[in-house]
Amino acid sequence: MKNINVGLIGGGFMGKAHSLAYAAVPMFFWPSKVMPVKHTLAEFTDAMAADAATRFGFENSTSDWKSIIDNPDIDLVDIATPNNSHAEIAIAALAAGKHVICEKPLARTVEEAAAMYEAARKSNSVNMVAFNYRRTPAVALAKKYIEDGSIGKIINFRATYLQDWSADPNSPLSWRFQKSVAGSGAVGDILTHVLDLARYLVDEVTAVSAMTNHIITERPLQQSGSDSLGNSKGGSDAPKGAVDVEDEVLSLIKFANGAIGSVEATRNAWGRNNFITLEIHGTEGSIAFNYENRDQLEVCFKSDEGDRRGFRTVYTGPNHPNGAALWPIPALGIGYGETKIIEAHDLFTAIAGGEPVRPDFGDGYQVALIDDAILRSAESGQWVKVPQLDRATGKVSA
């Protein structure tokens with residue numbers, strides 16, 4: 001068994017999720033060819049870094065992320081920082097020969113994503129972008145049904161990602177509401193997950209026709225150094241800062257295989273928490289999924305007898321993708337943490353075998369191209385073609 005020393009940059013919510021996954025991988029996926037070692041954690045200040053390292057179980061801490069890049073003992077650089085630092089850190093890590101996992105979205109802009117992808121192409125390192133929802137066992141089961149022809153040729157895909165954590169205008173001005181840091185709003189923050197699922201389950205997105213809405217134009221300034229999302233309020237009398245990104249997006253989409261569909265995302269839907277839904281209709285059946293019921297996949301097949309045709313519920317468990325490594329009984333309960341554990345397992349398996357893993361920086365780049373097309377479509381009011389990345393050449397079509 002080989003130890004893989006991890007350098008985590010970012011000690012917030014995503015840093016916690018990744019740290020949990022590193023601790024749990026050998027518990028769930030055993031025997032393992034590699035053992036994740038939580039080596040060093042970097043944060044903005046020495047105090048923040050030391051606190052996060054203690055909580056998350058890292059051996060060392062630092063306020064200088066570049067020291068992680070320069071440390072020859074560190075094998076994997078984990079980027080769990082705001083979007084504006086993704087490109088600089090990833091490119092430096094890849095140039096230093098490190099393996100890299102980067103939280104989504106890969107970058108703020110197409111240009112940054114392109115630079116990160118090119119750096120990955122030039123390296124011999126494993127690179128991954130953390131679109132973890134595709135690793136939900138029910139979603140992987142949907143992929144299996146699609147690939148084995150159970151629902152036939154896909155005709156239609158529709159999906160949503162609805163949240164309400166920022167619906168209150170008195171919730172604080174997270175970096176996620178600032179274009180200079182985030183790049184975009186609901187598009188980059190949450191629609192990217194839906195677009196990854198669309199590409200994973202259906203095909204490449206080739207054209208979009210989108211609308212966006214900017215609902216809340218200012219928010220109370222945060223009073224702490226950490227990203228508090230919607231869990232604390234600044235109050236109506238607190239100092240305000242401008243919100244300059246979109247709050248919601250709705251887009252029609254066309255796929256390379258002829259299917260059509262729609263995607264929608266908002267952070268302003270009261271009553272919706274992490275409402276990721278998808279429905280896929282094919283010539284031989286349909287699939288439906290709601291992330292808030294993660295153990296369940298709804299399926300209906302044309303071959304069912306007419307007097308019993310309708311959606312049935314399949315509860316994922318040991319007989320389904322990754323199920324045997326998780327819990328022994330179907331519907332015992334899959335959470336966000338399990339998707340991250342599976343993600344980390346796939347990453348470390350790729351590192352151990354010297355093999356690529358998906359989704360990688362190429363996938364993150366392609367999603368960035370879709371994001372950009374959606375924002376341009378919303379601005380112009382026109383259908384916009386999505387440029388396509390050719391992985392063989394590294395070039396993008398016009």
# chains A, B, ... in the order shown; residues from 1 in each chain; ligands from 1
$ residues_around --residues "range 77-80 of chain A" --least-positions-apart "6" --cutoff "8 Å" --atoms "only C-alpha atoms" --output "PyMOL selection string"
chain A and resi 6-12+14-15+68-69+86+89-90+93+98-103
$ write_last_selection --atoms "N, CA and C atoms" --output "PDB file, in the first residue's frame"
ATOM      1  N   VAL A   6      -1.605  14.411   0.946  1.00  0.00           N
ATOM      2  CA  VAL A   6      -2.537  15.401   0.421  1.00  0.00           C
ATOM      3  C   VAL A   6      -2.219  16.774   0.997  1.00  0.00           C
ATOM      4  N   GLY A   7      -2.157  17.762   0.120  1.00  0.00           N
ATOM      5  CA  GLY A   7      -2.089  19.153   0.532  1.00  0.00           C
ATOM      6  C   GLY A   7      -3.405  19.819   0.179  1.00  0.00           C
ATOM      7  N   LEU A   8      -4.180  20.178   1.180  1.00  0.00           N
ATOM      8  CA  LEU A   8      -5.499  20.791   0.979  1.00  0.00           C
ATOM      9  C   LEU A   8      -5.385  22.300   1.110  1.00  0.00           C
ATOM     10  N   ILE A   9      -5.847  23.012   0.096  1.00  0.00           N
ATOM     11  CA  ILE A   9      -5.844  24.474   0.125  1.00  0.00           C
ATOM     12  C   ILE A   9      -7.288  24.943   0.258  1.00  0.00           C
ATOM     13  N   GLY A  10      -7.651  25.407   1.431  1.00  0.00           N
ATOM     14  CA  GLY A  10      -9.011  25.828   1.713  1.00  0.00           C
ATOM     15  C   GLY A  10      -9.609  25.009   2.840  1.00  0.00           C
ATOM     16  N   GLY A  11      -9.950  25.669   3.944  1.00  0.00           N
ATOM     17  CA  GLY A  11     -10.453  24.955   5.107  1.00  0.00           C
ATOM     18  C   GLY A  11     -11.905  25.234   5.422  1.00  0.00           C
ATOM     19  N   GLY A  12     -12.682  25.567   4.406  1.00  0.00           N
ATOM     20  CA  GLY A  12     -14.101  25.847   4.621  1.00  0.00           C
ATOM     21  C   GLY A  12     -14.973  24.612   4.450  1.00  0.00           C
ATOM     22  N   MET A  14     -16.104  23.015   1.758  1.00  0.00           N
ATOM     23  CA  MET A  14     -15.631  22.000   0.837  1.00  0.00           C
ATOM     24  C   MET A  14     -14.391  21.306   1.377  1.00  0.00           C
ATOM     25  N   GLY A  15     -13.542  22.034   2.081  1.00  0.00           N
ATOM     26  CA  GLY A  15     -12.388  21.411   2.705  1.00  0.00           C
ATOM     27  C   GLY A  15     -12.818  20.349   3.702  1.00  0.00           C
ATOM     28  N   ILE A  68       2.891  24.399  -0.172  1.00  0.00           N
ATOM     29  CA  ILE A  68       2.369  23.075  -0.500  1.00  0.00           C
ATOM     30  C   ILE A  68       2.858  22.654  -1.881  1.00  0.00           C
ATOM     31  N   ILE A  69       2.826  23.574  -2.817  1.00  0.00           N
ATOM     32  CA  ILE A  69       3.303  23.279  -4.172  1.00  0.00           C
ATOM     33  C   ILE A  69       4.786  22.922  -4.147  1.00  0.00           C
ATOM     34  N   HIS A  86      -8.455  29.320  -8.437  1.00  0.00           N
ATOM     35  CA  HIS A  86      -8.339  27.981  -9.008  1.00  0.00           C
ATOM     36  C   HIS A  86      -7.227  27.890 -10.045  1.00  0.00           C
ATOM     37  N   ILE A  89      -3.460  28.308  -8.710  1.00  0.00           N
ATOM     38  CA  ILE A  89      -3.012  27.175  -7.898  1.00  0.00           C
ATOM     39  C   ILE A  89      -2.857  25.927  -8.753  1.00  0.00           C
ATOM     40  N   ALA A  90      -3.865  25.623  -9.580  1.00  0.00           N
ATOM     41  CA  ALA A  90      -3.830  24.395 -10.379  1.00  0.00           C
ATOM     42  C   ALA A  90      -2.665  24.393 -11.362  1.00  0.00           C
ATOM     43  N   ALA A  93       0.530  23.808  -9.480  1.00  0.00           N
ATOM     44  CA  ALA A  93       0.618  22.433  -8.978  1.00  0.00           C
ATOM     45  C   ALA A  93       0.957  21.454 -10.096  1.00  0.00           C
ATOM     46  N   LYS A  98       2.426  17.716  -9.461  1.00  0.00           N
ATOM     47  CA  LYS A  98       1.451  17.216  -8.495  1.00  0.00           C
ATOM     48  C   LYS A  98       0.195  16.721  -9.203  1.00  0.00           C
ATOM     49  N   HIS A  99      -0.461  15.732  -8.608  1.00  0.00           N
ATOM     50  CA  HIS A  99      -1.823  15.401  -8.997  1.00  0.00           C
ATOM     51  C   HIS A  99      -2.730  16.494  -8.429  1.00  0.00           C
ATOM     52  N   VAL A 100      -3.857  16.753  -9.106  1.00  0.00           N
ATOM     53  CA  VAL A 100      -4.705  17.878  -8.694  1.00  0.00           C
ATOM     54  C   VAL A 100      -6.171  17.490  -8.748  1.00  0.00           C
ATOM     55  N   ILE A 101      -6.899  17.813  -7.686  1.00  0.00           N
ATOM     56  CA  ILE A 101      -8.356  17.820  -7.719  1.00  0.00           C
ATOM     57  C   ILE A 101      -8.796  19.242  -7.418  1.00  0.00           C
ATOM     58  N   CYS A 102      -9.721  19.761  -8.239  1.00  0.00           N
ATOM     59  CA  CYS A 102     -10.181  21.144  -8.102  1.00  0.00           C
ATOM     60  C   CYS A 102     -11.690  21.162  -7.987  1.00  0.00           C
ATOM     61  N   GLU A 103     -12.180  21.910  -7.026  1.00  0.00           N
ATOM     62  CA  GLU A 103     -13.625  22.059  -6.903  1.00  0.00           C
ATOM     63  C   GLU A 103     -14.193  22.781  -8.114  1.00  0.00           C
TER      64      GLU A 103
END
$ residues_around --residues "Lys302 in chain A" --least-positions-apart "3" --cutoff "9 Å" --atoms "only C-alpha atoms" --output "PyMOL selection string"
chain A and resi 151+283-286+305-306+309
$ write_last_selection --atoms "C-alpha atoms" --output "tab-separated table (two decimals), in the first residue's frame"
chain	number	residue	atom	x	y	z
A	151	ILE	CA	-34.81	3.36	-22.06
A	283	THR	CA	-38.08	5.60	-26.83
A	284	GLU	CA	-38.23	2.59	-24.45
A	285	GLY	CA	-38.75	4.21	-21.06
A	286	SER	CA	-38.09	7.04	-18.64
A	305	GLU	CA	-47.58	-4.53	-19.19
A	306	GLY	CA	-50.18	-1.85	-19.78
A	309	ARG	CA	-47.07	0.67	-16.46
$ residues_around --residues "Asn322 in chain A" --least-positions-apart "4" --cutoff "9 Å" --atoms "only C-alpha atoms" --output "compact mmCIF listing (two decimals) with N, CA and C atoms, in the first residue's frame"
# COMPACT_ATOMS: atom_id res chain seq x y z
N ARG A 135 -21.63 10.88 -8.99
CA ARG A 135 -21.23 9.67 -8.28
C ARG A 135 -22.27 9.21 -7.26
N THR A 136 -23.41 9.87 -7.21
CA THR A 136 -24.53 9.35 -6.44
C THR A 136 -24.92 8.00 -7.03
N PRO A 137 -25.01 6.93 -6.23
CA PRO A 137 -25.31 5.61 -6.80
C PRO A 137 -26.54 5.57 -7.71
N ALA A 140 -25.52 6.94 -11.05
CA ALA A 140 -24.71 5.95 -11.75
C ALA A 140 -25.58 4.79 -12.25
N GLY A 317 -28.65 0.12 -3.38
CA GLY A 317 -27.98 -0.60 -2.31
C GLY A 317 -26.84 -1.43 -2.86
N PRO A 318 -26.53 -2.55 -2.23
CA PRO A 318 -25.36 -3.35 -2.59
C PRO A 318 -25.34 -3.85 -4.03
N LEU A 326 -20.57 0.61 0.29
CA LEU A 326 -21.16 1.58 1.20
C LEU A 326 -21.91 0.90 2.34
N ILE A 342 -16.87 8.32 -2.69
CA ILE A 342 -16.73 7.62 -3.97
C ILE A 342 -15.82 8.41 -4.90
$ closest_atom_pairs --of "range 141-224 of chain A" --to "range 367-381 of chain A" --cutoff "9 Å" --atoms "only C-alpha atoms" --output "CSV"
residue,atom,partner,partner_atom,distance
A:Ser184,CA,A:Leu375,CA,8.8
A:Val187,CA,A:Asp371,CA,6.4
A:Gly188,CA,A:Asp371,CA,6.8
A:Leu191,CA,A:Asp371,CA,8.3
A:Thr192,CA,A:Val367,CA,6.6
A:Leu195,CA,A:Val367,CA,6.7
A:Asp196,CA,A:Val367,CA,6.9
A:Arg199,CA,A:Val367,CA,8.7
A:Val205,CA,A:Ile370,CA,7.3
A:Thr206,CA,A:Ile370,CA,8.3
A:Ala207,CA,A:Ala373,CA,7.9
A:Val208,CA,A:Ile374,CA,6.1
A:Ser209,CA,A:Ser377,CA,5.7
A:Ala210,CA,A:Ala378,CA,4.8
A:Met211,CA,A:Ala378,CA,4.5
A:Thr212,CA,A:Ala378,CA,5.9
$ write_last_selection --atoms "C-alpha atoms" --output "PDB file, in the first residue's frame"
ATOM      1  CA  SER A 184     -20.798  34.128 -12.465  1.00  0.00           C
ATOM      2  CA  VAL A 187     -24.661  29.528 -13.678  1.00  0.00           C
ATOM      3  CA  GLY A 188     -21.178  28.762 -12.376  1.00  0.00           C
ATOM      4  CA  LEU A 191     -25.986  25.020 -12.959  1.00  0.00           C
ATOM      5  CA  THR A 192     -22.553  23.537 -13.663  1.00  0.00           C
ATOM      6  CA  LEU A 195     -24.680  20.489 -17.021  1.00  0.00           C
ATOM      7  CA  ASP A 196     -22.206  17.848 -15.874  1.00  0.00           C
ATOM      8  CA  ARG A 199     -23.137  15.509 -20.447  1.00  0.00           C
ATOM      9  CA  VAL A 205     -24.588  20.097 -25.368  1.00  0.00           C
ATOM     10  CA  THR A 206     -24.325  21.788 -28.752  1.00  0.00           C
ATOM     11  CA  ALA A 207     -26.587  24.863 -28.513  1.00  0.00           C
ATOM     12  CA  VAL A 208     -28.395  26.900 -25.851  1.00  0.00           C
ATOM     13  CA  SER A 209     -31.096  29.544 -25.593  1.00  0.00           C
ATOM     14  CA  ALA A 210     -31.080  31.128 -22.142  1.00  0.00           C
ATOM     15  CA  MET A 211     -32.548  33.724 -19.822  1.00  0.00           C
ATOM     16  CA  THR A 212     -31.066  34.957 -16.548  1.00  0.00           C
TER      17      THR A 212
END
$ residues_around --residues "Asn3 in chain A" --least-positions-apart "4" --cutoff "10 Å" --atoms "only C-alpha atoms" --output "list in words"
Lys33, Val34, Met35, Pro36, Val37, Lys38, Asp75 and Ala352 of chain A
$ write_last_selection --atoms "C-alpha atoms" --output "PDB file, in the first residue's frame"
ATOM      1  CA  LYS A  33      -3.932   0.252  -3.083  1.00  0.00           C
ATOM      2  CA  VAL A  34      -3.301   3.685  -1.601  1.00  0.00           C
ATOM      3  CA  MET A  35      -3.762   5.339   1.764  1.00  0.00           C
ATOM      4  CA  PRO A  36      -4.664   9.045   1.812  1.00  0.00           C
ATOM      5  CA  VAL A  37      -2.514  10.944   4.303  1.00  0.00           C
ATOM      6  CA  LYS A  38      -3.762  14.373   5.367  1.00  0.00           C
ATOM      7  CA  ASP A  75       1.604  14.143  -3.964  1.00  0.00           C
ATOM      8  CA  ALA A 352      -2.448   4.329  -7.999  1.00  0.00           C
TER       9      ALA A 352
END
$ select_by_dssp --residues "range 184-283 of chain A" --states "strand (DSSP E or B)" --output "number ranges by chain"
A: 205-213, 218-220, 240-242, 248-255, 260-266, 275-282
$ select_by_dssp --residues "range 165-279 of chain A" --states "alpha helix (DSSP H)" --output "PyMOL selection string"
chain A and resi 179-182+186+192-201
$ closest_residue --among "A:Ala259, A:Ala107, A:Ala167, A:Ala96" --to "Leu76 in chain A" --atoms "only C-alpha atoms"
A:Ala96
$ residues_around --residues "Lys240 in chain A" --least-positions-apart "3" --cutoff "6 Å" --atoms "only C-alpha atoms" --output "ChimeraX atom specification"
/A:219-221
$ write_last_selection --atoms "N, CA and C atoms" --output "mmCIF file, in the first residue's frame"
data_model
loop_
_atom_site.group_PDB
_atom_site.id
_atom_site.type_symbol
_atom_site.label_atom_id
_atom_site.label_comp_id
_atom_site.auth_asym_id
_atom_site.auth_seq_id
_atom_site.Cartn_x
_atom_site.Cartn_y
_atom_site.Cartn_z
ATOM 1 N N ARG A 219 -26.284 43.118 -0.668
ATOM 2 C CA ARG A 219 -26.406 42.283 0.526
ATOM 3 C C ARG A 219 -25.516 42.830 1.631
ATOM 4 N N PRO A 220 -25.813 42.456 2.890
ATOM 5 C CA PRO A 220 -24.952 42.884 3.999
ATOM 6 C C PRO A 220 -23.555 42.291 3.867
ATOM 7 N N LEU A 221 -22.547 43.078 4.181
ATOM 8 C CA LEU A 221 -21.178 42.604 4.136
ATOM 9 C C LEU A 221 -20.962 41.540 5.205
#
$ residues_around --residues "Lys395 in chain A" --least-positions-apart "6" --cutoff "12 Å" --atoms "only C-alpha atoms" --output "ChimeraX atom specification"
/A:114,117-118,121,362,365-366,387-389
$ write_last_selection --atoms "C-alpha atoms" --output "PDB file, in the first residue's frame"
ATOM      1  CA  ALA A 114      -8.460  26.760 -21.184  1.00  0.00           C
ATOM      2  CA  TYR A 117      -6.736  22.351 -19.321  1.00  0.00           C
ATOM      3  CA  GLU A 118      -3.591  23.086 -21.302  1.00  0.00           C
ATOM      4  CA  ARG A 121      -2.432  18.249 -21.055  1.00  0.00           C
ATOM      5  CA  GLY A 362     -11.246  18.689 -20.056  1.00  0.00           C
ATOM      6  CA  TYR A 365     -13.351  23.200 -19.651  1.00  0.00           C
ATOM      7  CA  GLN A 366     -16.274  21.927 -21.742  1.00  0.00           C
ATOM      8  CA  PRO A 387     -17.892  25.288 -29.016  1.00  0.00           C
ATOM      9  CA  GLN A 388     -16.696  21.701 -28.667  1.00  0.00           C
ATOM     10  CA  LEU A 389     -13.379  20.569 -27.219  1.00  0.00           C
TER      11      LEU A 389
END
$ residues_around --residues "Arg294 in chain A" --least-positions-apart "5" --cutoff "10 Å" --atoms "only C-alpha atoms" --output "ChimeraX atom specification"
/A:133,136-139,276,289,315-316,331,333-336
$ write_last_selection --atoms "C-alpha atoms" --output "mmCIF file, in the first residue's frame"
data_model
loop_
_atom_site.group_PDB
_atom_site.id
_atom_site.type_symbol
_atom_site.label_atom_id
_atom_site.label_comp_id
_atom_site.auth_asym_id
_atom_site.auth_seq_id
_atom_site.Cartn_x
_atom_site.Cartn_y
_atom_site.Cartn_z
ATOM 1 C CA TYR A 133 -23.235 14.440 -7.922
ATOM 2 C CA THR A 136 -24.529 9.346 -6.437
ATOM 3 C CA PRO A 137 -25.309 5.608 -6.801
ATOM 4 C CA ALA A 138 -28.790 6.316 -8.211
ATOM 5 C CA VAL A 139 -27.314 8.576 -10.894
ATOM 6 C CA ILE A 276 -31.420 18.666 -7.983
ATOM 7 C CA PHE A 289 -34.262 11.392 -9.967
ATOM 8 C CA TYR A 315 -33.854 1.858 -3.831
ATOM 9 C CA THR A 316 -30.114 1.750 -4.362
ATOM 10 C CA ALA A 331 -32.202 2.668 1.340
ATOM 11 C CA GLY A 333 -29.194 6.270 3.611
ATOM 12 C CA ILE A 334 -26.837 7.868 1.109
ATOM 13 C CA GLY A 335 -25.644 11.380 1.917
ATOM 14 C CA TYR A 336 -23.498 14.102 0.424
#
$ decode --residues "range 360-379 of chain A" --atoms "N, CA and C atoms" --output "PDB file, in the first residue's frame"
ATOM      1  N   ASP A 360     -12.526  15.234 -15.672  1.00  0.00           N
ATOM      2  CA  ASP A 360     -11.218  15.843 -15.554  1.00  0.00           C
ATOM      3  C   ASP A 360     -11.269  17.303 -15.989  1.00  0.00           C
ATOM      4  N   PHE A 361     -10.095  17.914 -16.128  1.00  0.00           N
ATOM      5  CA  PHE A 361     -10.072  19.328 -16.490  1.00  0.00           C
ATOM      6  C   PHE A 361     -10.658  19.566 -17.885  1.00  0.00           C
ATOM      7  N   GLY A 362     -10.591  18.559 -18.763  1.00  0.00           N
ATOM      8  CA  GLY A 362     -11.246  18.689 -20.056  1.00  0.00           C
ATOM      9  C   GLY A 362     -12.748  18.807 -19.905  1.00  0.00           C
ATOM     10  N   ASP A 363     -13.318  18.028 -18.990  1.00  0.00           N
ATOM     11  CA  ASP A 363     -14.755  18.127 -18.726  1.00  0.00           C
ATOM     12  C   ASP A 363     -15.090  19.480 -18.111  1.00  0.00           C
ATOM     13  N   GLY A 364     -14.247  19.935 -17.182  1.00  0.00           N
ATOM     14  CA  GLY A 364     -14.482  21.246 -16.588  1.00  0.00           C
ATOM     15  C   GLY A 364     -14.411  22.357 -17.610  1.00  0.00           C
ATOM     16  N   TYR A 365     -13.483  22.217 -18.570  1.00  0.00           N
ATOM     17  CA  TYR A 365     -13.351  23.200 -19.651  1.00  0.00           C
ATOM     18  C   TYR A 365     -14.591  23.190 -20.536  1.00  0.00           C
ATOM     19  N   GLN A 366     -15.086  22.000 -20.887  1.00  0.00           N
ATOM     20  CA  GLN A 366     -16.274  21.927 -21.742  1.00  0.00           C
ATOM     21  C   GLN A 366     -17.492  22.530 -21.047  1.00  0.00           C
ATOM     22  N   VAL A 367     -17.635  22.288 -19.751  1.00  0.00           N
ATOM     23  CA  VAL A 367     -18.738  22.903 -19.010  1.00  0.00           C
ATOM     24  C   VAL A 367     -18.575  24.422 -18.994  1.00  0.00           C
ATOM     25  N   ALA A 368     -17.343  24.906 -18.877  1.00  0.00           N
ATOM     26  CA  ALA A 368     -17.105  26.359 -18.927  1.00  0.00           C
ATOM     27  C   ALA A 368     -17.530  26.935 -20.273  1.00  0.00           C
ATOM     28  N   LEU A 369     -17.319  26.180 -21.340  1.00  0.00           N
ATOM     29  CA  LEU A 369     -17.752  26.628 -22.668  1.00  0.00           C
ATOM     30  C   LEU A 369     -19.277  26.707 -22.752  1.00  0.00           C
ATOM     31  N   ILE A 370     -19.965  25.761 -22.103  1.00  0.00           N
ATOM     32  CA  ILE A 370     -21.432  25.809 -22.070  1.00  0.00           C
ATOM     33  C   ILE A 370     -21.887  26.995 -21.224  1.00  0.00           C
ATOM     34  N   ASP A 371     -21.273  27.166 -20.055  1.00  0.00           N
ATOM     35  CA  ASP A 371     -21.608  28.308 -19.192  1.00  0.00           C
ATOM     36  C   ASP A 371     -21.503  29.624 -19.964  1.00  0.00           C
ATOM     37  N   ASP A 372     -20.400  29.780 -20.674  1.00  0.00           N
ATOM     38  CA  ASP A 372     -20.158  31.008 -21.425  1.00  0.00           C
ATOM     39  C   ASP A 372     -21.214  31.208 -22.504  1.00  0.00           C
ATOM     40  N   ALA A 373     -21.578  30.124 -23.189  1.00  0.00           N
ATOM     41  CA  ALA A 373     -22.610  30.218 -24.229  1.00  0.00           C
ATOM     42  C   ALA A 373     -23.949  30.610 -23.628  1.00  0.00           C
ATOM     43  N   ILE A 374     -24.275  30.065 -22.444  1.00  0.00           N
ATOM     44  CA  ILE A 374     -25.533  30.398 -21.771  1.00  0.00           C
ATOM     45  C   ILE A 374     -25.564  31.878 -21.394  1.00  0.00           C
ATOM     46  N   LEU A 375     -24.481  32.396 -20.850  1.00  0.00           N
ATOM     47  CA  LEU A 375     -24.445  33.806 -20.470  1.00  0.00           C
ATOM     48  C   LEU A 375     -24.513  34.716 -21.698  1.00  0.00           C
ATOM     49  N   ARG A 376     -23.866  34.309 -22.789  1.00  0.00           N
ATOM     50  CA  ARG A 376     -23.933  35.107 -24.019  1.00  0.00           C
ATOM     51  C   ARG A 376     -25.332  35.050 -24.627  1.00  0.00           C
ATOM     52  N   SER A 377     -25.973  33.895 -24.540  1.00  0.00           N
ATOM     53  CA  SER A 377     -27.335  33.771 -25.054  1.00  0.00           C
ATOM     54  C   SER A 377     -28.300  34.639 -24.250  1.00  0.00           C
ATOM     55  N   ALA A 378     -28.140  34.630 -22.927  1.00  0.00           N
ATOM     56  CA  ALA A 378     -29.012  35.440 -22.080  1.00  0.00           C
ATOM     57  C   ALA A 378     -28.855  36.927 -22.394  1.00  0.00           C
ATOM     58  N   GLU A 379     -27.637  37.324 -22.731  1.00  0.00           N
ATOM     59  CA  GLU A 379     -27.386  38.730 -23.054  1.00  0.00           C
ATOM     60  C   GLU A 379     -27.948  39.107 -24.420  1.00  0.00           C
TER      61      GLU A 379
END
